[in-house]
Amino acid sequence: MVKTFQAYLPHCHRTYSCIHCRAHLANHDELISKSFQGSQGRAYLFNSVVNVGCGPAEERVLLTGLHAVADIYCECCKTTLGWKYELAFESSQKYKEGKYIIELAHMIKENGWE
């Protein structure tokens, strides 16, 4: 059975894909920071992502304080990848609103990383 993804990122760009099914997730140009911590280790913060679904928002106390976040998952294989920051309650964390965390454990680099 062939899987079709909702969005394909251009082959001329370095991309991040789901390690489980290889669906494209993000373009390297959308990477904001590599200095984040997920529940399973290191994670990256992205400005935008593709082929990702979003669960309901809930309040969680994270390392940087209280946030309203929604788990995100791969639209193709349904694996939970990280979360989306819906709301930050502290003014110093407002820059995260609307941004996405994807844990390194769930993504792989593709297209021109050598």
# chains A, B, ... in the order shown; residues from 1 in each chain; ligands from 1
>>> residues_around(residues="Ser39 (chain A)", least_positions_apart="5", cutoff="10 Å", atoms="only C-alpha atoms", output="PyMOL selection string")
chain A and resi 62+82+103
>>> closest_residue(among="A:Ser33, A:Ala26, A:Gln6, A:Ser17", to="Glu75 (chain A)", atoms="only C-alpha atoms")
A:Gln6
>>> select_by_dssp(residues="chain A", states="strand (DSSP E)", output="PyMOL selection string")
chain A and resi 15-18+24-27+31-38+41-46+52-62+65-74+80-88+100-103+107-110
>>> residues_around(residues="Ser91 (chain A)", least_positions_apart="3", cutoff="12 Å", atoms="only C-alpha atoms", output="list in words")
Thr64, Gly65, Leu66, His67, Leu87, Ala88, Lys94, Tyr95, Lys96 and Glu97 of chain A
>>> write_last_selection(atoms="N, CA and C atoms", output="CSV table (one decimal), in the first residue's frame")
chain,number,residue,atom,x,y,z
A,64,THR,N,9.9,25.9,31.4
A,64,THR,CA,9.8,27.4,31.3
A,64,THR,C,8.6,28.0,31.9
A,65,GLY,N,7.8,27.2,32.6
A,65,GLY,CA,6.5,27.7,33.2
A,65,GLY,C,5.3,27.1,32.6
A,66,LEU,N,4.2,27.7,32.9
A,66,LEU,CA,2.8,27.2,32.5
A,66,LEU,C,2.5,27.6,31.1
A,67,HIS,N,2.1,26.7,30.3
A,67,HIS,CA,1.7,26.9,28.9
A,67,HIS,C,0.5,26.1,28.6
A,87,LEU,N,-0.6,28.9,24.0
A,87,LEU,CA,-0.6,30.1,24.8
A,87,LEU,C,0.5,30.0,25.8
A,88,ALA,N,1.2,31.1,26.0
A,88,ALA,CA,2.2,31.2,27.0
A,88,ALA,C,1.7,32.2,28.1
A,94,LYS,N,6.1,34.4,25.3
A,94,LYS,CA,5.1,34.7,24.3
A,94,LYS,C,5.6,34.4,22.9
A,95,TYR,N,6.9,34.4,22.7
A,95,TYR,CA,7.4,34.2,21.3
A,95,TYR,C,7.1,32.7,20.9
A,96,LYS,N,6.8,31.8,21.8
A,96,LYS,CA,6.6,30.4,21.5
A,96,LYS,C,5.1,30.2,20.9
A,97,GLU,N,4.2,31.1,21.2
A,97,GLU,CA,2.8,30.9,20.8
A,97,GLU,C,2.7,30.6,19.3
>>> residues_around(residues="Asn47 (chain A)", least_positions_apart="2", cutoff="7 Å", atoms="only C-alpha atoms", output="PyMOL selection string")
chain A and resi 30-32+45+99-100
>>> select_by_dssp(residues="chain A", states="helix (DSSP H, G or I)", output="VMD selection string")
chain A and resid 28 to 30 91 to 96 104 to 106
>>> write_last_selection(atoms="N, CA and C atoms", output="JSON list (two decimals), in the first residue's frame")
[["chain", "number", "residue", "atom", "x", "y", "z"],
["A", 28, "HIS", "N", 14.08, 23.03, 6.78],
["A", 28, "HIS", "CA", 15.12, 23.53, 7.68],
["A", 28, "HIS", "C", 15.01, 25.05, 7.88],
["A", 29, "ASP", "N", 14.52, 25.77, 6.89],
["A", 29, "ASP", "CA", 14.38, 27.22, 7.00],
["A", 29, "ASP", "C", 13.36, 27.62, 8.07],
["A", 30, "GLU", "N", 12.52, 26.70, 8.49],
["A", 30, "GLU", "CA", 11.50, 26.98, 9.52],
["A", 30, "GLU", "C", 12.00, 26.69, 10.93],
["A", 91, "SER", "N", 5.15, 36.54, 30.03],
["A", 91, "SER", "CA", 5.46, 37.44, 28.91],
["A", 91, "SER", "C", 6.75, 37.07, 28.20],
["A", 92, "SER", "N", 7.74, 36.55, 28.92],
["A", 92, "SER", "CA", 9.02, 36.18, 28.30],
["A", 92, "SER", "C", 8.90, 34.96, 27.39],
["A", 93, "GLN", "N", 7.79, 34.25, 27.46],
["A", 93, "GLN", "CA", 7.60, 33.03, 26.68],
["A", 93, "GLN", "C", 6.61, 33.20, 25.53],
["A", 94, "LYS", "N", 6.10, 34.41, 25.34],
["A", 94, "LYS", "CA", 5.08, 34.67, 24.32],
["A", 94, "LYS", "C", 5.57, 34.35, 22.90],
["A", 95, "TYR", "N", 6.88, 34.43, 22.65],
["A", 95, "TYR", "CA", 7.41, 34.16, 21.32],
["A", 95, "TYR", "C", 7.13, 32.73, 20.86],
["A", 96, "LYS", "N", 6.82, 31.83, 21.78],
["A", 96, "LYS", "CA", 6.56, 30.42, 21.45],
["A", 96, "LYS", "C", 5.14, 30.18, 20.93],
["A", 104, "LEU", "N", 13.54, 15.01, 18.62],
["A", 104, "LEU", "CA", 14.51, 14.39, 17.72],
["A", 104, "LEU", "C", 14.28, 12.89, 17.58],
["A", 105, "ALA", "N", 13.74, 12.27, 18.61],
["A", 105, "ALA", "CA", 13.48, 10.83, 18.57],
["A", 105, "ALA", "C", 12.49, 10.44, 17.47],
["A", 106, "HIS", "N", 11.75, 11.42, 16.94],
["A", 106, "HIS", "CA", 10.70, 11.13, 15.96],
["A", 106, "HIS", "C", 10.95, 11.72, 14.58]]
>>> atom_distance(atom1="CA of Ser35 (chain A)", atom2="CA of Cys77 (chain A)")
26.3 Å
>>> residues_around(residues="Ala57 (chain A)", least_positions_apart="3", cutoff="8 Å", atoms="only C-alpha atoms", output="PyMOL selection string")
chain A and resi 68-71+86
>>> write_last_selection(atoms="N, CA, C and O atoms", output="mmCIF file, in the first residue's frame")
data_model
loop_
_atom_site.group_PDB
_atom_site.id
_atom_site.type_symbol
_atom_site.label_atom_id
_atom_site.label_comp_id
_atom_site.auth_asym_id
_atom_site.auth_seq_id
_atom_site.Cartn_x
_atom_site.Cartn_y
_atom_site.Cartn_z
ATOM 1 N N ALA A 68 -0.289 26.608 27.616
ATOM 2 C CA ALA A 68 -1.369 25.815 27.030
ATOM 3 C C ALA A 68 -0.775 25.211 25.761
ATOM 4 O O ALA A 68 -0.295 25.929 24.877
ATOM 5 N N VAL A 69 -0.721 23.887 25.703
ATOM 6 C CA VAL A 69 -0.111 23.183 24.578
ATOM 7 C C VAL A 69 -1.072 22.117 24.059
ATOM 8 O O VAL A 69 -1.951 21.649 24.777
ATOM 9 N N ALA A 70 -0.871 21.753 22.795
ATOM 10 C CA ALA A 70 -1.652 20.680 22.174
ATOM 11 C C ALA A 70 -0.675 19.684 21.580
ATOM 12 O O ALA A 70 0.270 20.081 20.879
ATOM 13 N N ASP A 71 -0.845 18.408 21.875
ATOM 14 C CA ASP A 71 0.016 17.384 21.276
ATOM 15 C C ASP A 71 -0.152 17.413 19.767
ATOM 16 O O ASP A 71 -1.258 17.624 19.255
ATOM 17 N N GLU A 86 0.081 26.792 22.236
ATOM 18 C CA GLU A 86 -1.105 27.580 21.944
ATOM 19 C C GLU A 86 -1.090 28.915 22.691
ATOM 20 O O GLU A 86 -1.480 29.940 22.153
#
